[in-house]
>>> print(open('query-v3.cif').read())   # mmCIF, C-alpha atoms
data_entry
#
loop_
_atom_site.label_atom_id
_atom_site.label_comp_id
_atom_site.auth_asym_id
_atom_site.auth_seq_id
_atom_site.Cartn_x
_atom_site.Cartn_y
_atom_site.Cartn_z
CA MET A 2 0.00 0.00 0.00
CA THR A 3 1.67 3.19 -1.14
CA THR A 4 0.72 6.75 -1.77
CA GLY A 5 2.80 9.48 -3.34
CA ARG A 6 1.94 13.14 -3.60
CA GLY A 7 5.21 15.07 -3.68
CA GLY A 8 5.27 16.08 -0.03
CA ARG A 9 7.19 19.00 1.44
CA ARG A 10 9.05 19.52 4.69
CA LEU A 11 7.95 21.80 7.48
CA THR A 12 10.50 24.45 8.39
CA ALA A 13 10.07 27.27 10.87
CA THR A 14 11.99 30.21 12.30
CA VAL A 15 11.26 32.35 15.35
CA THR A 16 9.82 35.16 13.22
CA ASP A 17 8.37 33.25 10.30
CA LEU A 18 6.45 30.01 9.75
CA GLU A 19 6.60 28.54 6.26
CA VAL A 20 3.49 26.44 5.69
CA VAL A 21 4.87 23.22 4.26
CA GLU A 22 4.16 19.60 5.07
CA GLN A 23 6.16 16.93 6.81
CA ARG A 24 6.84 13.82 4.76
CA ALA A 25 5.38 10.94 6.79
CA TYR A 26 6.09 7.20 6.62
CA LEU A 27 3.21 5.21 8.12
CA ILE A 28 3.76 1.75 9.62
CA GLY A 29 1.15 -0.66 10.94
CA VAL A 30 1.93 -3.98 12.62
CA ALA A 31 -0.42 -6.97 12.52
CA THR A 32 0.27 -9.92 14.81
CA SER A 33 -1.80 -12.55 12.99
CA SER A 34 -3.28 -13.22 9.56
CA ALA A 35 -6.75 -13.02 11.13
CA GLY A 36 -6.06 -9.43 12.16
CA THR A 37 -4.61 -8.26 8.84
CA GLU A 38 -7.85 -6.91 7.38
CA SER A 39 -8.66 -4.93 10.52
CA ALA A 40 -5.06 -3.64 10.66
CA GLU A 41 -5.29 -2.48 7.04
CA ARG A 42 -8.48 -0.51 7.75
CA SER A 43 -6.92 1.02 10.84
CA LEU A 44 -3.81 1.96 8.86
CA ALA A 45 -5.96 3.59 6.15
CA GLU A 46 -7.65 5.61 8.90
CA LEU A 47 -4.22 6.60 10.22
CA GLY A 48 -3.51 8.01 6.76
CA ARG A 49 -6.57 10.27 7.05
CA LEU A 50 -5.54 11.27 10.56
CA THR A 51 -2.04 12.14 9.35
CA GLU A 52 -3.44 14.29 6.55
CA THR A 53 -5.81 16.01 8.98
CA ALA A 54 -2.79 16.75 11.19
CA GLY A 55 -1.18 18.48 8.20
CA SER A 56 1.46 15.94 7.17
CA ASP A 57 1.88 14.10 3.88
CA PRO A 58 1.75 10.26 4.11
CA VAL A 59 4.14 9.52 1.24
CA PHE A 60 4.51 5.80 2.04
CA THR A 61 2.30 3.37 3.97
CA GLU A 62 3.30 -0.15 4.98
CA LEU A 63 1.74 -2.99 6.95
CA LEU A 64 4.19 -5.36 8.65
CA THR A 65 3.33 -8.73 10.18
CA ARG A 66 4.85 -10.28 13.28
CA ALA A 67 4.17 -13.44 15.24
CA GLU A 68 4.42 -11.21 18.33
CA LEU A 69 5.43 -7.64 19.08
CA GLU A 70 9.05 -7.02 20.11
CA PRO A 71 9.36 -5.27 23.51
CA GLY A 72 12.32 -3.12 22.45
CA LEU A 73 11.37 -1.96 18.95
CA LEU A 74 7.80 -3.23 18.45
CA ILE A 75 9.00 -4.69 15.13
CA GLY A 76 11.94 -6.99 14.38
CA LYS A 77 15.44 -5.51 14.11
CA GLY A 78 15.70 -6.55 10.47
CA GLN A 79 12.35 -4.96 9.69
CA ALA A 80 13.44 -1.80 11.49
CA GLN A 81 16.75 -1.57 9.62
CA ARG A 82 15.01 -2.01 6.25
CA ALA A 83 12.47 0.67 7.23
CA VAL A 84 15.30 3.04 8.24
CA GLU A 85 16.95 2.65 4.83
CA LEU A 86 13.63 3.28 3.08
CA SER A 87 12.91 6.37 5.19
CA LYS A 88 16.26 7.88 4.23
CA THR A 89 15.66 7.12 0.56
CA LEU A 90 12.25 8.82 0.72
CA ASP A 91 13.61 11.78 2.75
CA ILE A 92 11.11 11.13 5.56
CA ASP A 93 10.58 13.70 8.33
CA VAL A 94 8.37 11.68 10.68
CA VAL A 95 7.62 7.96 11.09
CA VAL A 96 4.12 7.25 12.39
CA PHE A 97 3.24 3.88 13.92
CA ASP A 98 -0.42 2.84 14.02
CA ASN A 99 0.32 0.81 17.15
CA SER A 100 0.88 2.41 20.54
CA LEU A 101 4.55 2.88 21.38
CA SER A 102 5.95 2.73 24.89
CA PRO A 103 8.34 5.56 25.81
CA ALA A 104 11.28 3.12 25.55
CA GLN A 105 10.19 1.86 22.12
CA GLN A 106 9.79 5.42 20.89
CA ARG A 107 13.28 6.38 22.07
CA ASN A 108 14.86 3.27 20.53
CA LEU A 109 13.15 3.82 17.19
CA GLN A 110 14.02 7.52 17.10
CA SER A 111 17.64 6.61 17.67
CA MET A 112 17.55 4.26 14.66
CA PHE A 113 15.51 6.47 12.28
CA GLU A 114 17.26 9.70 13.32
CA CYS A 115 13.97 11.58 12.90
CA ASP A 116 10.74 12.00 14.84
CA VAL A 117 8.90 8.73 15.57
CA VAL A 118 5.36 8.95 16.96
CA ASP A 119 2.30 6.73 17.32
CA ARG A 120 -1.42 7.00 16.53
CA GLN A 121 -2.13 8.58 19.92
CA ALA A 122 0.34 11.39 19.25
CA VAL A 123 -1.34 12.13 15.90
CA ILE A 124 -4.79 12.31 17.52
CA LEU A 125 -3.43 14.60 20.25
CA ASP A 126 -1.85 16.78 17.57
CA ILE A 127 -5.17 17.15 15.75
CA PHE A 128 -6.93 18.06 19.00
CA ALA A 129 -4.23 20.66 19.67
CA GLN A 130 -4.86 22.27 16.28
CA HIS A 131 -8.67 22.28 16.59
CA ALA A 132 -9.13 23.39 20.20
CA SER A 133 -10.59 26.90 20.19
CA SER A 134 -12.53 27.50 23.41
CA ARG A 135 -10.79 28.06 26.73
CA ALA A 136 -12.10 24.74 28.04
CA GLY A 137 -11.00 22.87 24.94
CA MET A 138 -7.49 24.36 25.01
CA LEU A 139 -7.08 23.53 28.70
CA GLN A 140 -8.26 19.97 28.15
CA VAL A 141 -5.97 19.37 25.18
CA GLU A 142 -2.92 20.89 26.87
CA LEU A 143 -3.45 18.65 29.90
CA ALA A 144 -3.74 15.58 27.69
CA LEU A 145 -0.58 16.53 25.78
CA LEU A 146 1.48 17.09 28.92
CA GLU A 147 0.35 13.82 30.51
CA TYR A 148 1.17 11.95 27.30
CA TYR A 149 4.63 13.47 26.92
CA LEU A 150 5.64 13.48 30.60
CA PRO A 151 6.99 9.88 30.57
CA ARG A 152 8.71 10.63 27.25
CA LEU A 153 10.93 13.46 28.50
CA ARG A 154 14.12 11.42 28.50
CA GLY A 155 16.32 11.78 25.46
CA LYS A 156 16.02 14.80 23.21
CA GLY A 157 14.00 17.72 24.50
CA ILE A 158 10.33 18.00 23.63
CA GLU A 159 8.99 21.49 23.07
CA LEU A 160 5.26 22.00 23.43
CA SER A 161 4.61 25.20 21.55
CA ARG A 162 2.29 26.60 18.91
CA GLN A 163 5.38 27.76 17.04
CA ALA A 164 6.76 24.26 16.64
CA GLY A 165 5.83 22.37 13.49
CA GLY A 166 4.69 18.85 12.80
CA ILE A 167 3.19 15.84 14.51
CA GLY A 168 4.61 15.28 17.97
CA THR A 169 5.82 18.85 18.41
CA ARG A 170 2.64 20.89 18.58
CA GLY A 171 0.93 22.03 21.74
CA PRO A 172 -1.80 24.42 22.83
CA GLY A 173 0.37 26.43 25.23
CA GLU A 174 0.74 30.17 24.83
CA THR A 175 4.53 30.08 25.09
CA LYS A 176 7.26 27.44 24.99
CA LEU A 177 7.34 25.13 28.00
CA GLU A 178 10.69 23.86 29.19
CA THR A 179 10.85 20.09 29.42
CA ASP A 180 11.68 20.09 33.09
CA ARG A 181 9.64 17.46 34.92
CA ARG A 182 9.00 19.57 37.99
CA ARG A 183 7.74 22.54 36.00
CA ILE A 184 5.51 20.35 33.83
CA LEU A 185 4.03 18.69 36.90
CA GLN A 186 3.29 22.15 38.29
CA ARG A 187 1.62 23.09 35.01
CA ILE A 188 -0.46 19.87 35.08
CA SER A 189 -1.64 20.68 38.61
CA ARG A 190 -2.61 24.19 37.56
CA LEU A 191 -4.49 22.91 34.50
CA LYS A 192 -6.42 20.43 36.65
CA ARG A 193 -7.44 23.24 39.01
CA GLU A 194 -8.64 25.39 36.11
CA LEU A 195 -10.54 22.46 34.63
CA LYS A 196 -12.28 21.93 37.98
CA GLU A 197 -13.53 25.50 37.68
CA VAL A 198 -14.75 24.75 34.14
CA ALA A 199 -16.45 21.59 35.41
CA ALA A 200 -18.16 23.58 38.17
CA THR A 201 -19.51 26.03 35.60
CA ARG A 202 -20.80 23.18 33.43
CA HIS A 203 -22.36 21.59 36.51
CA THR A 204 -24.23 24.83 37.27
CA GLN A 205 -25.45 24.98 33.66
CA ARG A 206 -26.63 21.36 33.82
CA LYS A 207 -28.52 22.00 37.07
CA ALA A 208 -30.26 24.94 35.39
CA ARG A 209 -31.27 22.67 32.51
CA ILE A 210 -32.55 20.05 34.98
CA ARG A 211 -34.64 22.70 36.75
CA SER A 212 -36.05 23.75 33.37
CA LYS A 213 -37.43 20.20 32.99
CA LEU A 214 -36.26 20.11 29.36
CA PRO A 215 -35.06 16.68 28.19
CA VAL A 216 -31.49 16.52 26.90
CA VAL A 217 -30.50 14.46 23.86
CA ALA A 218 -26.75 14.00 23.30
CA LEU A 219 -25.35 13.16 19.87
CA VAL A 220 -22.50 10.66 20.07
CA GLY A 221 -20.66 8.65 17.46
CA TYR A 222 -17.45 7.98 15.63
CA THR A 223 -15.59 11.01 14.34
CA ASN A 224 -16.94 12.29 11.01
CA ALA A 225 -20.17 10.27 11.35
CA GLY A 226 -22.24 13.41 10.72
CA LYS A 227 -23.25 14.52 14.23
CA SER A 228 -22.80 18.25 13.62
CA THR A 229 -24.65 18.04 10.29
CA LEU A 230 -27.54 16.32 12.05
CA LEU A 231 -27.57 18.94 14.83
CA ASN A 232 -27.77 21.67 12.19
CA GLN A 233 -30.59 19.82 10.41
CA ILE A 234 -32.63 19.37 13.61
CA THR A 235 -32.11 22.78 15.20
CA ASP A 236 -31.24 25.10 12.29
CA ALA A 237 -27.95 25.72 14.09
CA ASP A 238 -24.75 26.90 12.43
CA VAL A 239 -22.30 24.48 14.03
CA LEU A 240 -19.08 24.06 12.02
CA VAL A 241 -19.30 21.15 9.60
CA GLU A 242 -16.18 19.90 7.81
CA ASP A 243 -15.45 16.64 6.02
CA GLN A 244 -12.49 15.85 8.24
CA LEU A 245 -11.81 14.03 11.47
CA PHE A 246 -12.43 15.85 14.78
CA SER A 247 -13.83 19.08 13.33
CA THR A 248 -15.92 19.36 16.54
CA LEU A 249 -14.18 19.43 19.93
CA ASP A 250 -16.41 21.67 22.02
CA SER A 251 -19.94 20.60 22.87
CA SER A 252 -22.75 22.72 21.43
CA VAL A 253 -26.24 22.78 22.98
CA ARG A 254 -29.22 23.88 20.87
CA ARG A 255 -32.98 23.88 21.50
CA ALA A 256 -35.60 22.47 19.15
CA GLU A 257 -39.21 21.35 19.29
CA LEU A 258 -40.13 17.74 18.55
CA PRO A 259 -43.13 16.97 16.26
CA GLY A 260 -45.51 16.79 19.26
CA GLY A 261 -44.34 20.21 20.45
CA THR A 262 -41.99 18.99 23.18
CA PRO A 263 -39.09 21.47 23.60
CA THR A 264 -35.82 19.53 23.76
CA LEU A 265 -32.13 20.34 24.14
CA PHE A 266 -29.75 18.70 21.68
CA SER A 267 -26.04 18.50 22.57
CA ASP A 268 -23.29 17.84 20.02
CA THR A 269 -20.14 16.20 21.38
CA VAL A 270 -16.58 15.38 20.38
CA GLY A 271 -16.28 12.41 18.04
CA PHE A 272 -14.82 9.14 19.27
CA ILE A 273 -12.27 6.93 17.52
CA ARG A 274 -10.64 3.57 18.08
CA ASP A 275 -7.72 3.73 20.50
CA LEU A 276 -8.77 7.19 21.69
CA PRO A 277 -5.92 8.26 24.00
CA HIS A 278 -6.86 7.68 27.63
CA GLN A 279 -5.42 11.11 28.45
CA LEU A 280 -8.04 12.71 26.20
CA VAL A 281 -10.89 10.78 27.78
CA GLU A 282 -9.77 11.93 31.22
CA ALA A 283 -9.08 15.53 30.15
CA PHE A 284 -12.45 15.86 28.38
CA GLN A 285 -14.36 14.41 31.32
CA SER A 286 -16.30 17.61 32.04
CA THR A 287 -17.29 17.86 28.37
CA LEU A 288 -18.23 14.18 28.20
CA ASP A 289 -20.37 14.60 31.31
CA GLU A 290 -22.90 16.07 28.86
CA VAL A 291 -23.20 12.51 27.54
CA HIS A 292 -23.33 10.88 30.97
CA ASN A 293 -26.14 13.19 32.11
CA ALA A 294 -28.27 13.04 28.96
CA ASP A 295 -31.78 11.59 28.89
CA LEU A 296 -31.16 9.92 25.52
CA LEU A 297 -28.12 9.24 23.35
CA LEU A 298 -28.35 9.51 19.58
CA HIS A 299 -25.60 7.14 18.43
CA VAL A 300 -24.88 8.42 14.92
CA VAL A 301 -23.30 5.80 12.64
CA ASP A 302 -21.79 6.37 9.19
CA GLY A 303 -23.80 3.77 7.24
CA SER A 304 -21.54 4.21 4.21
CA ASP A 305 -18.40 3.14 6.07
CA PRO A 306 -17.47 -0.53 5.55
CA ASP A 307 -15.98 -0.56 9.04
CA ALA A 308 -19.18 0.64 10.77
CA ASP A 309 -19.33 -2.34 13.15
CA THR A 310 -15.82 -1.68 14.48
CA GLN A 311 -16.68 1.99 14.89
CA ILE A 312 -19.81 1.15 16.89
CA THR A 313 -17.71 -1.04 19.18
CA ALA A 314 -15.18 1.77 19.66
CA VAL A 315 -17.90 4.28 20.57
CA ARG A 316 -19.54 1.92 23.04
CA SER A 317 -16.16 1.26 24.63
CA VAL A 318 -15.70 4.99 25.32
CA LEU A 319 -19.29 5.28 26.56
CA GLY A 320 -18.53 2.54 29.07
CA GLU A 321 -15.31 4.27 30.11
CA ILE A 322 -17.11 7.53 30.93
CA GLY A 323 -19.97 5.79 32.77
CA ALA A 324 -22.63 6.44 30.11
CA ALA A 325 -23.35 2.83 29.12
CA GLN A 326 -26.68 2.87 31.00
CA VAL A 327 -28.08 5.96 29.26
CA PRO A 328 -30.87 5.02 26.79
CA GLU A 329 -29.41 4.79 23.27
CA LEU A 330 -31.04 5.26 19.86
CA PHE A 331 -29.02 4.29 16.79
CA VAL A 332 -29.12 6.65 13.82
CA ILE A 333 -27.75 5.15 10.61
CA ASN A 334 -26.59 8.21 8.66
CA LYS A 335 -25.43 8.90 5.08
CA VAL A 336 -28.00 6.61 3.47
CA ASP A 337 -27.74 8.78 0.34
CA ARG A 338 -24.29 7.32 -0.30
CA ALA A 339 -24.45 3.96 1.49
CA ASN A 340 -25.18 0.45 0.25
CA PRO A 341 -28.91 -0.12 0.95
CA GLN A 342 -28.30 -3.68 2.14
CA ALA A 343 -25.62 -2.50 4.58
CA VAL A 344 -28.03 0.12 5.94
CA GLN A 345 -30.84 -2.43 6.33
CA ARG A 346 -28.50 -4.77 8.22
CA LEU A 347 -27.43 -2.02 10.65
CA VAL A 348 -31.00 -0.82 11.18
CA ALA A 349 -32.20 -4.37 11.91
CA MET A 350 -29.24 -5.20 14.16
CA HIS A 351 -29.53 -2.08 16.32
CA ASP A 352 -33.24 -1.23 15.96
CA GLY A 353 -32.10 2.03 14.41
CA VAL A 354 -33.46 4.78 12.19
CA ALA A 355 -32.00 5.40 8.73
CA ILE A 356 -31.45 9.02 7.68
CA SER A 357 -29.36 11.38 5.60
CA ALA A 358 -28.39 14.36 7.74
CA SER A 359 -27.12 16.24 4.68
CA THR A 360 -30.35 15.93 2.64
CA GLY A 361 -32.80 15.73 5.55
CA ALA A 362 -34.23 12.39 4.43
CA GLY A 363 -35.69 10.47 7.38
CA VAL A 364 -35.01 13.24 9.93
CA HIS A 365 -38.71 13.93 10.67
CA ALA A 366 -39.27 10.20 11.32
CA LEU A 367 -36.21 10.25 13.59
CA LEU A 368 -37.66 13.13 15.64
CA GLU A 369 -40.87 11.15 16.12
CA VAL A 370 -38.88 8.17 17.44
CA ILE A 371 -36.90 10.49 19.74
CA GLU A 372 -40.16 11.84 21.15
CA ARG A 373 -41.45 8.29 21.67
CA ASP A 374 -38.29 7.21 23.47
CA LEU A 375 -38.20 10.30 25.67
CA THR A 376 -41.82 9.71 26.65
CA ALA A 377 -40.90 6.17 27.68
CA THR A 378 -38.49 7.61 30.26
CA ALA A 379 -40.33 10.86 30.89
CA TYR A 380 -40.30 11.04 34.68
CA ARG A 381 -37.43 13.01 36.17
CA VAL A 382 -37.37 12.38 39.91
CA THR A 383 -35.27 13.06 42.99
CA LEU A 384 -34.98 10.11 45.37
CA GLU A 385 -33.31 9.58 48.74
CA ILE A 386 -32.28 5.93 49.01
CA PRO A 387 -31.36 4.70 52.54
CA TYR A 388 -27.81 3.44 52.89
CA ASP A 389 -29.04 -0.02 53.89
CA ARG A 390 -31.02 -0.37 50.64
CA GLY A 391 -28.22 -0.97 48.19
CA ASP A 392 -30.60 -3.27 46.30
CA LEU A 393 -32.81 -0.29 45.45
CA LEU A 394 -29.85 1.73 44.23
CA ALA A 395 -28.74 -1.16 42.02
CA LEU A 396 -32.29 -1.51 40.65
CA LEU A 397 -32.32 2.20 39.88
CA HIS A 398 -29.04 1.99 37.95
CA ARG A 399 -30.27 -1.01 35.97
CA ASN A 400 -33.63 0.42 35.00
CA GLY A 401 -33.26 4.19 34.93
CA ALA A 402 -31.02 6.96 33.65
CA VAL A 403 -29.13 8.26 36.69
CA ILE A 404 -28.29 11.92 36.20
CA GLU A 405 -26.57 12.82 39.46
CA GLU A 406 -25.74 11.29 42.84
CA SER A 407 -24.79 12.87 46.16
CA HIS A 408 -24.84 11.80 49.81
CA THR A 409 -26.77 13.03 52.84
CA GLU A 410 -26.87 11.85 56.45
CA ALA A 411 -29.92 9.71 55.69
CA GLY A 412 -28.87 8.14 52.41
CA THR A 413 -27.95 8.56 48.74
CA LEU A 414 -29.66 11.46 46.99
CA VAL A 415 -30.27 10.53 43.34
CA GLU A 416 -31.54 12.60 40.41
CA ALA A 417 -32.84 10.17 37.77
CA ARG A 418 -35.17 9.71 34.83
CA LEU A 419 -37.52 6.71 35.05
CA ARG A 420 -40.29 5.03 33.09
CA GLY A 421 -43.76 5.45 34.54
CA ASP A 422 -43.97 1.92 35.95
CA MET A 423 -40.54 2.17 37.52
CA ALA A 424 -41.25 5.63 38.95
CA THR A 425 -44.26 4.16 40.75
CA ARG A 426 -42.04 1.55 42.45
CA PHE A 427 -39.90 4.34 43.94
CA GLU A 428 -42.71 6.57 45.17
CA ALA A 429 -41.88 5.89 48.85
CA TRP A 430 -38.43 7.45 48.42
CA LEU A 431 -39.43 10.55 46.42
CA VAL A 432 -38.08 13.89 47.63
CA GLU A 433 -40.40 16.83 47.07
#
>>> encode(input="query-v3.cif", output="structure tokens")
Amino acid sequence: MTTGRGGRRLTATVTDLEVVEQRAYLIGVATSSAGTESAERSLAELGRLTETAGSDPVFTELLTRAELEPGLLIGKGQAQRAVELSKTLDIDVVVFDNSLSPAQQRNLQSMFECDVVDRQAVILDIFAQHASSRAGMLQVELALLEYYLPRLRGKGIELSRQAGGIGTRGPGETKLETDRRRILQRISRLKRELKEVAATRHTQRKARIRSKLPVVALVGYTNAGKSTLLNQITDADVLVEDQLFSTLDSSVRRAELPGGTPTLFSDTVGFIRDLPHQLVEAFQSTLDEVHNADLLLHVVDGSDPDADTQITAVRSVLGEIGAAQVPELFVINKVDRANPQAVQRLVAMHDGVAISASTGAGVHALLEVIERDLTATAYRVTLEIPYDRGDLLALLHRNGAVIEESHTEAGTLVEARLRGDMATRFEAWLVE
């Protein structure tokens, strides 16, 4: 698998930044023949990620190994051949689709004599470029610092907007020295500022809860069409681009459902396979919008041949942020360009609704289903569950959408949304 587009190097001075591209050599490693097809799809996605980050993937290669090598990830012979090829192609950065340990990254950089990064670094780089709000920039900078902290040994790493290329970009306002103590201090400060952001979001969520308006959160794989759907439903003007991670900051818009029910719709950051854990942690306050929603619209790109893997990746992140219990409605998008049989299979498998967010086809039917599903869990209640009734709390988590929990002297105070029959079972513990 090769691509060639006459790439250019990125060069920069203190006073001037010449907009040119790094030449990137992409390497994926499959450990069994059974995993080759999945590895090829993942490597193709890495190519799109690399382009989104602003680098030129001039050569792409999938290597196979019986098992991964602890020191270099790949075999020494494979590494030496790759080094020779990178010099022939005048490569600026080598990008591995597999995660690299700090030791592996250092060893490979020593051999290639150029920057060597992994998929996680590319995703972090894209987030660094796209963060625009204060909250988004804080979250991305924290994720970058936590990713690079164990990688400080060896050559210095500068996290600065003025630096160029994958693995060198950061959201900081000025250059940060790669001194561990100073970076740890910066991480602590960022966490404090993000707590303030989280407190503000919490206040906004409480105001929405008091307003009694249901909240529908759009989730899905990156570039599945969430922002396009939000614009279609609410006549919003959220940025829509045909590239990965064009949306980082959540947007909340109000719209009326066909029966006249006013509803809040929240767009969220797209997910992706192997989403860096640092990003999940850093974006926790943003992702709380998902955790606290009354209904999730899981938007799926029906035209993507890898839709099943993408659904698995999204559900994995939902589980990681504690949103697996929130009611979920699958929306199979892009039917105007998808194989009809593939769409029918996804709709049947996930009891979903087929639409085209770009043309509006099926959107009215989707809104009717949303209204039906919200009605099925229409009762928002506040309960005080005694501490000796853990069985009730477990029942609540299994059968309702828990929005918020806190603790009093008498028991656990829970804000939740329940079906009518389930709400009746908890009447004795209602708080007025």
>>> atom_distance(input="query-v3.cif", atom1="CA of Val117 (chain A)", atom2="CA of Val95 (chain A)")
4.7 Å
>>> residues_around(input="query-v3.cif", residues="region 31-48 of chain A", least_positions_apart="3", cutoff="7 Å", atoms="only C-alpha atoms", output="list of chain:residue names")
A:Thr51, A:Glu52, A:Pro58, A:Leu64, A:Thr65, A:Arg66, A:Ala67, A:Glu68, A:Asp98, A:Arg120
>>> resolve_selection(input="query-v3.cif", expression="the PyMOL selection byres ((chain A and resi 264) around 12)", output="tab-separated table (two decimals) with C-alpha atoms, in the frame of the given file")
chain	number	residue	atom	x	y	z
A	209	ARG	CA	-31.27	22.67	32.51
A	210	ILE	CA	-32.55	20.05	34.98
A	212	SER	CA	-36.05	23.75	33.37
A	213	LYS	CA	-37.43	20.20	32.99
A	214	LEU	CA	-36.26	20.11	29.36
A	215	PRO	CA	-35.06	16.68	28.19
A	216	VAL	CA	-31.49	16.52	26.90
A	217	VAL	CA	-30.50	14.46	23.86
A	218	ALA	CA	-26.75	14.00	23.30
A	234	ILE	CA	-32.63	19.37	13.61
A	235	THR	CA	-32.11	22.78	15.20
A	253	VAL	CA	-26.24	22.78	22.98
A	254	ARG	CA	-29.22	23.88	20.87
A	255	ARG	CA	-32.98	23.88	21.50
A	256	ALA	CA	-35.60	22.47	19.15
A	257	GLU	CA	-39.21	21.35	19.29
A	258	LEU	CA	-40.13	17.74	18.55
A	259	PRO	CA	-43.13	16.97	16.26
A	260	GLY	CA	-45.51	16.79	19.26
A	261	GLY	CA	-44.34	20.21	20.45
A	262	THR	CA	-41.99	18.99	23.18
A	263	PRO	CA	-39.09	21.47	23.60
A	265	LEU	CA	-32.13	20.34	24.14
A	266	PHE	CA	-29.75	18.70	21.68
A	267	SER	CA	-26.04	18.50	22.57
A	294	ALA	CA	-28.27	13.04	28.96
A	295	ASP	CA	-31.78	11.59	28.89
A	296	LEU	CA	-31.16	9.92	25.52
A	368	LEU	CA	-37.66	13.13	15.64
A	371	ILE	CA	-36.90	10.49	19.74
A	372	GLU	CA	-40.16	11.84	21.15
A	375	LEU	CA	-38.20	10.30	25.67
A	376	THR	CA	-41.82	9.71	26.65
>>> atom_distance(input="query-v3.cif", atom1="CA of Ala225 (chain A)", atom2="CA of Gln23 (chain A)")
27.5 Å
>>> residues_around(input="query-v3.cif", residues="region 310-319 of chain A", least_positions_apart="2", cutoff="7 Å", atoms="all atoms listed in the file", output="number ranges by chain")
A: 221-222, 272-274, 307-308, 321-325
>>> resolve_selection(input="query-v3.cif", expression="the PyMOL selection byres ((chain A and resi 63) around 6)", output="NGL selection string")
:A and (28-30 or 62 or 64)
>>> closest_residue(input="query-v3.cif", among="A:Ser304, A:Ser100, A:Ser87, A:Ser407", to="Leu74 (chain A)", atoms="only C-alpha atoms")
A:Ser100
>>> closest_atom_pairs(input="query-v3.cif", of="region 97-155 of chain A", to="region 193-202 of chain A", cutoff="10 Å", atoms="all atoms listed in the file", output="Markdown table")
| residue | atom | partner | partner_atom | distance |
| --- | --- | --- | --- | --- |
| A:Arg135 | CA | A:Val198 | CA | 9.0 |
| A:Ala136 | CA | A:Val198 | CA | 6.7 |
| A:Gly137 | CA | A:Leu195 | CA | 9.7 |
| A:Leu139 | CA | A:Leu195 | CA | 6.9 |
| A:Gln140 | CA | A:Leu195 | CA | 7.3 |
| A:Leu143 | CA | A:Leu195 | CA | 9.3 |
>>> resolve_selection(input="query-v3.cif", expression="the PyMOL selection byres ((chain A and resi 339) around 10)", output="list in words")
Asp302, Gly303, Ser304, Asp305, Pro306, Ile333, Asn334, Lys335, Val336, Asp337, Arg338, Asn340, Pro341, Gln342, Ala343, Val344 and Ser357 of chain A
>>> atom_distance(input="query-v3.cif", atom1="CA of His408 (chain A)", atom2="CA of Leu297 (chain A)")
26.8 Å
>>> closest_residue(input="query-v3.cif", among="A:Asn108, A:Thr425, A:Thr53, A:Thr223", to="Gln130 (chain A)", atoms="all atoms listed in the file")
A:Thr53
>>> residues_near_point(input="query-v3.cif", point="(-27.1, 10.9, 46.2)", cutoff="10 Å", atoms="only C-alpha atoms", output="short mmCIF file (atom, residue, chain, number, x, y, z; two decimals) with C-alpha atoms, in the coordinates of the input")
data_model
loop_
_atom_site.label_atom_id
_atom_site.label_comp_id
_atom_site.auth_asym_id
_atom_site.auth_seq_id
_atom_site.Cartn_x
_atom_site.Cartn_y
_atom_site.Cartn_z
CA THR A 383 -35.27 13.06 42.99
CA LEU A 384 -34.98 10.11 45.37
CA GLU A 385 -33.31 9.58 48.74
CA ILE A 386 -32.28 5.93 49.01
CA PRO A 387 -31.36 4.70 52.54
CA LEU A 394 -29.85 1.73 44.23
CA GLU A 405 -26.57 12.82 39.46
CA GLU A 406 -25.74 11.29 42.84
CA SER A 407 -24.79 12.87 46.16
CA HIS A 408 -24.84 11.80 49.81
CA THR A 409 -26.77 13.03 52.84
CA ALA A 411 -29.92 9.71 55.69
CA GLY A 412 -28.87 8.14 52.41
CA THR A 413 -27.95 8.56 48.74
CA LEU A 414 -29.66 11.46 46.99
CA VAL A 415 -30.27 10.53 43.34
CA GLU A 416 -31.54 12.60 40.41
#
>>> axis_aligned_box(input="query-v3.cif", around="region 341-353 of chain A", padding_each_side="4 Å", output="AutoDock Vina command-line options")
--center_x -29.4 --center_y -1.6 --center_z 8.6 --size_x 15.6 --size_y 15.2 --size_z 23.4
>>> residues_around(input="query-v3.cif", residues="Val84 (chain A)", least_positions_apart="6", cutoff="12 Å", atoms="all atoms listed in the file", output="number ranges by chain")
A: 26, 28, 77-78, 90-95, 109-115, 117
>>> closest_residue(input="query-v3.cif", among="A:Ile124, A:Leu298, A:Leu393, A:Leu73", to="Ser102 (chain A)", atoms="all atoms listed in the file")
A:Leu73
